[in-house]
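Remarks on the structure that follows.
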Amino acid sequence: MAGDIPHDLEFVESARAPAGQLRAKLVVPVSIALLAIAVGVAFVAVSARERRIATNATAVSAPLLLDLPAIAVNLSTADQRPRTLKLSLSLEAADSAAAGAVQAALPYLLDSFQTHLRELRAAELEGSAGMFRLREELLKRVNLAIAPARVRAVLVRDIILQ
């Protein structure tokens with residue numbers, strides 16, 4: 001019986017050796033296949049992104065910029081010292097219908113802008129945050145006046161605070 005045990009162990013060890021070699025031989029081809037799949041997926045993703053960018057570039061047209069007349073107003077002050085704001089603006093219209101609506105509503109827009117600007121204080125216009133709030137408020141007023149047409153942005157061409 002002692003002679004049978006080593007014989008069985010030799011059989012088991014000899015059976016295990018080819019399985020380990022088989023795994024080692026499969027690692028390289030499987031790695032190459034996975035790498036090829038990853039490269040293919042990356043290529044498809046990049047080419048799809050380039051097509052999407054090209055499609056968006058052709059779909060976007062040049063913006064319609066409308067220059068408004070310069071606005072000069074006296075600002076609200078607490079110490080009775082006169083403070084003057086001179087402002088030149090441009091509006092970026094979403095389409096030609098919005099540009100027409102802005103032209104039609106121009107007197108109302110200028111009145112709305114001047115009413116709002118006269119109530120501002122010089123401190124409210126300081127810094128980039130003040131300019132951002134001013135542009136957002138003017139954009140809101142434009143879009144309310146020309147609804148349902150839309151203006152994309154209010155651009156400040158020139159601003160002088162004296």
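Chain labels A, B, ... are given in the sequence in which chains occur in the structure tokens; within each chain residues are numbered consecutively from 1, and ligands are likewise numbered from 1 in the order shown.
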
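Around region 74-80 of chain A, within 8 Å and counting only C-alpha atoms, the residues found are Ala72, Pro82, Arg83, Thr84, Leu85, Leu117, Arg118, Glu119, Leu120, Arg121 and Ala122 of chain A, once anything fewer than 2 positions away on its own chain is removed.
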
Would you tabulate, counting only C-alpha atoms, all residues of region 43-87 of chain A that have an atom at most 12 Å from an atom of region 130-150 of chain A, showing the closest pair of atoms and their distance in Å to one decimal, sorted by chain then ascending number, as CSV?
residue,atom,partner,partner_atom,distance
A:Leu64,CA,A:Arg150,CA,11.9
A:Leu68,CA,A:Val142,CA,11.8
A:Leu87,CA,A:Leu134,CA,11.1

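Take CA of Leu65 (chain A) and CA of Val102 (chain A): the distance between them is 10.9 Å.
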
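Listed by chain and then by rising number, the residues of region 48-128 of chain A that DSSP assigns to strand (DSSP E or B) from the backbone are Leu64, Leu65, Leu66, Asp67, Ile71, Ala72, Val73, Asn74, Thr84, Leu85, Lys86, Leu87, Ser88, Leu89, Ser90, Leu91, Glu92 and Ala93 of chain A.
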
Write the selection just made, keeping all heavy atoms, as a short mmCIF file (atom, residue, chain, number, x, y, z; two decimals), in the first residue's frame?
data_model
loop_
_atom_site.label_atom_id
_atom_site.label_comp_id
_atom_site.auth_asym_id
_atom_site.auth_seq_id
_atom_site.Cartn_x
_atom_site.Cartn_y
_atom_site.Cartn_z
N LEU A 64 -25.32 87.40 -33.76
CA LEU A 64 -25.89 88.68 -34.20
C LEU A 64 -25.68 89.69 -33.08
O LEU A 64 -26.31 89.59 -32.02
CB LEU A 64 -27.39 88.52 -34.49
CG LEU A 64 -27.77 87.59 -35.62
CD1 LEU A 64 -29.27 87.35 -35.62
CD2 LEU A 64 -27.33 88.19 -36.94
N LEU A 65 -24.78 90.63 -33.29
CA LEU A 65 -24.49 91.63 -32.27
C LEU A 65 -25.19 92.93 -32.63
O LEU A 65 -25.06 93.43 -33.75
CB LEU A 65 -22.99 91.86 -32.15
CG LEU A 65 -22.19 90.68 -31.62
CD1 LEU A 65 -20.71 91.01 -31.60
CD2 LEU A 65 -22.66 90.27 -30.24
N LEU A 66 -25.93 93.45 -31.69
CA LEU A 66 -26.66 94.70 -31.87
C LEU A 66 -26.08 95.75 -30.93
O LEU A 66 -26.09 95.57 -29.71
CB LEU A 66 -28.14 94.49 -31.56
CG LEU A 66 -28.84 93.36 -32.32
CD1 LEU A 66 -30.16 93.04 -31.69
CD2 LEU A 66 -29.02 93.78 -33.75
N ASP A 67 -25.56 96.83 -31.48
CA ASP A 67 -25.02 97.91 -30.67
C ASP A 67 -26.14 98.84 -30.24
O ASP A 67 -26.94 99.28 -31.06
CB ASP A 67 -23.97 98.70 -31.46
CG ASP A 67 -22.73 97.88 -31.73
OD1 ASP A 67 -22.48 96.91 -30.99
OD2 ASP A 67 -22.01 98.21 -32.69
N ILE A 71 -25.43 105.17 -23.09
CA ILE A 71 -26.33 105.60 -22.02
C ILE A 71 -25.49 106.36 -21.00
O ILE A 71 -24.43 105.88 -20.57
CB ILE A 71 -26.99 104.39 -21.33
CG1 ILE A 71 -27.80 103.58 -22.34
CG2 ILE A 71 -27.86 104.83 -20.17
CD1 ILE A 71 -28.29 102.25 -21.79
N ALA A 72 -25.95 107.53 -20.58
CA ALA A 72 -25.29 108.32 -19.55
C ALA A 72 -26.33 108.66 -18.50
O ALA A 72 -27.37 109.24 -18.81
CB ALA A 72 -24.67 109.58 -20.12
N VAL A 73 -26.05 108.29 -17.24
CA VAL A 73 -27.00 108.54 -16.15
C VAL A 73 -26.25 109.02 -14.92
O VAL A 73 -25.06 108.74 -14.74
CB VAL A 73 -27.83 107.28 -15.79
CG1 VAL A 73 -28.72 106.86 -16.92
CG2 VAL A 73 -26.95 106.17 -15.33
N ASN A 74 -26.97 109.75 -14.07
CA ASN A 74 -26.45 110.11 -12.75
C ASN A 74 -26.81 108.99 -11.79
O ASN A 74 -27.96 108.53 -11.77
CB ASN A 74 -27.05 111.43 -12.27
CG ASN A 74 -26.56 112.60 -13.10
OD1 ASN A 74 -25.43 112.61 -13.56
ND2 ASN A 74 -27.43 113.59 -13.29
N THR A 84 -21.50 110.05 -12.23
CA THR A 84 -22.05 109.81 -13.56
C THR A 84 -21.55 108.46 -14.07
O THR A 84 -20.38 108.12 -13.91
CB THR A 84 -21.60 110.91 -14.54
OG1 THR A 84 -22.01 112.17 -14.00
CG2 THR A 84 -22.23 110.74 -15.90
N LEU A 85 -22.44 107.74 -14.71
CA LEU A 85 -22.11 106.47 -15.34
C LEU A 85 -22.38 106.59 -16.83
O LEU A 85 -23.48 106.96 -17.23
CB LEU A 85 -22.96 105.33 -14.76
CG LEU A 85 -22.82 103.98 -15.44
CD1 LEU A 85 -21.45 103.38 -15.17
CD2 LEU A 85 -23.90 103.03 -14.96
N LYS A 86 -21.36 106.31 -17.64
CA LYS A 86 -21.52 106.26 -19.10
C LYS A 86 -21.30 104.82 -19.51
O LYS A 86 -20.29 104.21 -19.17
CB LYS A 86 -20.53 107.18 -19.79
CG LYS A 86 -20.78 108.64 -19.49
CD LYS A 86 -19.78 109.54 -20.16
CE LYS A 86 -20.04 110.98 -19.75
NZ LYS A 86 -19.03 111.88 -20.30
N LEU A 87 -22.24 104.29 -20.27
CA LEU A 87 -22.24 102.86 -20.58
C LEU A 87 -22.56 102.64 -22.05
O LEU A 87 -23.52 103.22 -22.58
CB LEU A 87 -23.31 102.19 -19.71
CG LEU A 87 -23.42 100.70 -19.64
CD1 LEU A 87 -22.17 100.08 -19.06
CD2 LEU A 87 -24.62 100.31 -18.79
N SER A 88 -21.75 101.82 -22.71
CA SER A 88 -22.01 101.41 -24.09
C SER A 88 -22.18 99.90 -24.09
O SER A 88 -21.32 99.18 -23.59
CB SER A 88 -20.85 101.79 -25.01
OG SER A 88 -20.70 103.17 -25.05
N LEU A 89 -23.28 99.42 -24.66
CA LEU A 89 -23.63 98.00 -24.62
C LEU A 89 -23.84 97.43 -26.01
O LEU A 89 -24.22 98.15 -26.94
CB LEU A 89 -24.91 97.78 -23.81
CG LEU A 89 -24.93 98.25 -22.37
CD1 LEU A 89 -26.33 98.16 -21.81
CD2 LEU A 89 -23.97 97.43 -21.54
N SER A 90 -23.66 96.12 -26.11
CA SER A 90 -24.04 95.35 -27.29
C SER A 90 -24.85 94.16 -26.80
O SER A 90 -24.59 93.63 -25.72
CB SER A 90 -22.82 94.85 -28.05
OG SER A 90 -22.11 95.91 -28.61
N LEU A 91 -25.81 93.76 -27.59
CA LEU A 91 -26.63 92.60 -27.26
C LEU A 91 -26.36 91.50 -28.27
O LEU A 91 -26.31 91.75 -29.47
CB LEU A 91 -28.12 92.96 -27.28
CG LEU A 91 -28.57 94.09 -26.36
CD1 LEU A 91 -30.05 94.36 -26.55
CD2 LEU A 91 -28.27 93.75 -24.91
N GLU A 92 -26.20 90.28 -27.78
CA GLU A 92 -26.03 89.12 -28.66
C GLU A 92 -27.38 88.44 -28.82
O GLU A 92 -27.89 87.82 -27.89
CB GLU A 92 -25.02 88.13 -28.09
CG GLU A 92 -24.79 86.94 -28.97
CD GLU A 92 -23.86 85.92 -28.36
OE1 GLU A 92 -23.20 86.21 -27.36
OE2 GLU A 92 -23.81 84.80 -28.91
N ALA A 93 -27.97 88.59 -30.00
CA ALA A 93 -29.30 88.03 -30.27
C ALA A 93 -29.18 86.55 -30.62
O ALA A 93 -28.21 86.12 -31.25
CB ALA A 93 -29.97 88.79 -31.39
#

Taken to one decimal, the CA of Pro63 (chain A)-CA of Gly100 (chain A) distance is 14.1 Å

Any chance you could list, as an NGL selection string, the residues in chain A that come up helix (DSSP H, G or I) when DSSP is run on the backbone?
-> :A and (4-59 or 96-104 or 106-118 or 122-125 or 127-145)

File of the preceding selection, C-alpha atoms, as a CSV table (one decimal), in the first residue's frame:
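Result written to again_30.csv:
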chain,number,residue,atom,x,y,z
A,4,ASP,CA,0.5,3.0,-4.1
A,5,ILE,CA,0.6,6.4,-2.4
A,6,PRO,CA,3.6,7.8,-4.2
A,7,HIS,CA,2.3,6.5,-7.4
A,8,ASP,CA,-1.0,8.5,-6.9
A,9,LEU,CA,0.9,11.6,-5.9
A,10,GLU,CA,3.0,11.4,-9.0
A,11,PHE,CA,-0.1,11.1,-11.1
A,12,VAL,CA,-1.7,14.2,-9.5
A,13,GLU,CA,1.4,16.3,-9.8
A,14,SER,CA,1.9,15.3,-13.4
A,15,ALA,CA,-1.7,16.3,-14.1
A,16,ARG,CA,-1.4,19.7,-12.5
A,17,ALA,CA,1.7,20.7,-14.5
A,18,PRO,CA,0.1,21.0,-17.9
A,19,ALA,CA,-2.8,23.1,-16.5
A,20,GLY,CA,-0.4,25.7,-15.1
A,21,GLN,CA,1.5,25.8,-18.4
A,22,LEU,CA,-1.9,26.2,-20.2
A,23,ARG,CA,-2.7,29.2,-18.1
A,24,ALA,CA,0.7,30.8,-18.7
A,25,LYS,CA,0.2,30.2,-22.4
A,26,LEU,CA,-3.2,31.8,-22.4
A,27,VAL,CA,-2.2,35.0,-20.6
A,28,VAL,CA,-0.4,36.6,-23.6
A,29,PRO,CA,-3.1,36.0,-26.2
A,30,VAL,CA,-5.9,37.1,-23.8
A,31,SER,CA,-3.9,40.3,-23.0
A,32,ILE,CA,-3.4,41.1,-26.6
A,33,ALA,CA,-7.1,40.5,-27.3
A,34,LEU,CA,-8.2,42.8,-24.5
A,35,LEU,CA,-5.7,45.5,-25.6
A,36,ALA,CA,-7.0,45.3,-29.1
A,37,ILE,CA,-10.6,45.8,-27.8
A,38,ALA,CA,-9.6,48.8,-25.7
A,39,VAL,CA,-7.8,50.4,-28.6
A,40,GLY,CA,-10.9,49.9,-30.8
A,41,VAL,CA,-13.2,51.4,-28.2
A,42,ALA,CA,-10.9,54.4,-27.8
A,43,PHE,CA,-10.8,54.9,-31.6
A,44,VAL,CA,-14.5,54.8,-31.9
A,45,ALA,CA,-15.0,57.3,-29.0
A,46,VAL,CA,-12.5,59.8,-30.4
A,47,SER,CA,-13.9,59.6,-33.9
A,48,ALA,CA,-17.4,60.1,-32.6
A,49,ARG,CA,-16.3,63.1,-30.6
A,50,GLU,CA,-14.6,64.6,-33.6
A,51,ARG,CA,-17.8,64.1,-35.7
A,52,ARG,CA,-19.9,65.7,-33.0
A,53,ILE,CA,-17.5,68.7,-32.8
A,54,ALA,CA,-17.6,69.1,-36.6
A,55,THR,CA,-21.4,68.9,-36.6
A,56,ASN,CA,-21.7,71.6,-33.9
A,57,ALA,CA,-19.2,73.9,-35.6
A,58,THR,CA,-21.3,73.9,-38.8
A,59,ALA,CA,-24.5,74.3,-36.9
A,96,SER,CA,-32.8,87.3,-36.5
A,97,ALA,CA,-36.3,87.3,-34.9
A,98,ALA,CA,-34.7,88.3,-31.6
A,99,ALA,CA,-32.8,91.1,-33.4
A,100,GLY,CA,-36.0,92.4,-34.9
A,101,ALA,CA,-37.7,92.3,-31.5
A,102,VAL,CA,-34.8,94.2,-29.9
A,103,GLN,CA,-35.1,96.9,-32.6
A,104,ALA,CA,-38.8,97.2,-32.1
A,106,LEU,CA,-35.5,99.7,-28.2
A,107,PRO,CA,-37.2,102.7,-26.6
A,108,TYR,CA,-38.7,100.6,-23.9
A,109,LEU,CA,-35.3,98.9,-23.3
A,110,LEU,CA,-33.4,102.1,-22.9
A,111,ASP,CA,-36.1,103.4,-20.5
A,112,SER,CA,-35.9,100.3,-18.5
A,113,PHE,CA,-32.1,100.4,-18.4
A,114,GLN,CA,-32.0,104.1,-17.4
A,115,THR,CA,-34.5,103.5,-14.6
A,116,HIS,CA,-32.5,100.7,-13.2
A,117,LEU,CA,-29.1,102.4,-13.6
A,118,ARG,CA,-30.2,105.6,-11.8
A,122,ALA,CA,-21.1,103.4,-7.4
A,123,ALA,CA,-20.2,100.7,-4.8
A,124,GLU,CA,-22.6,98.3,-6.5
A,125,LEU,CA,-20.6,98.5,-9.8
A,127,GLY,CA,-15.3,94.7,-9.1
A,128,SER,CA,-16.1,91.8,-11.4
A,129,ALA,CA,-19.0,90.7,-9.2
A,130,GLY,CA,-20.6,94.1,-9.7
A,131,MET,CA,-20.2,94.0,-13.4
A,132,PHE,CA,-21.6,90.4,-13.5
A,133,ARG,CA,-24.7,91.5,-11.5
A,134,LEU,CA,-25.2,94.5,-13.8
A,135,ARG,CA,-25.0,92.4,-17.0
A,136,GLU,CA,-27.4,89.8,-15.5
A,137,GLU,CA,-29.9,92.4,-14.5
A,138,LEU,CA,-29.8,94.1,-17.9
A,139,LEU,CA,-30.1,90.7,-19.6
A,140,LYS,CA,-33.2,89.9,-17.5
A,141,ARG,CA,-34.8,93.2,-18.5
A,142,VAL,CA,-34.1,92.7,-22.2
A,143,ASN,CA,-35.5,89.2,-22.2
A,144,LEU,CA,-38.6,90.3,-20.4
A,145,ALA,CA,-39.2,93.2,-22.8
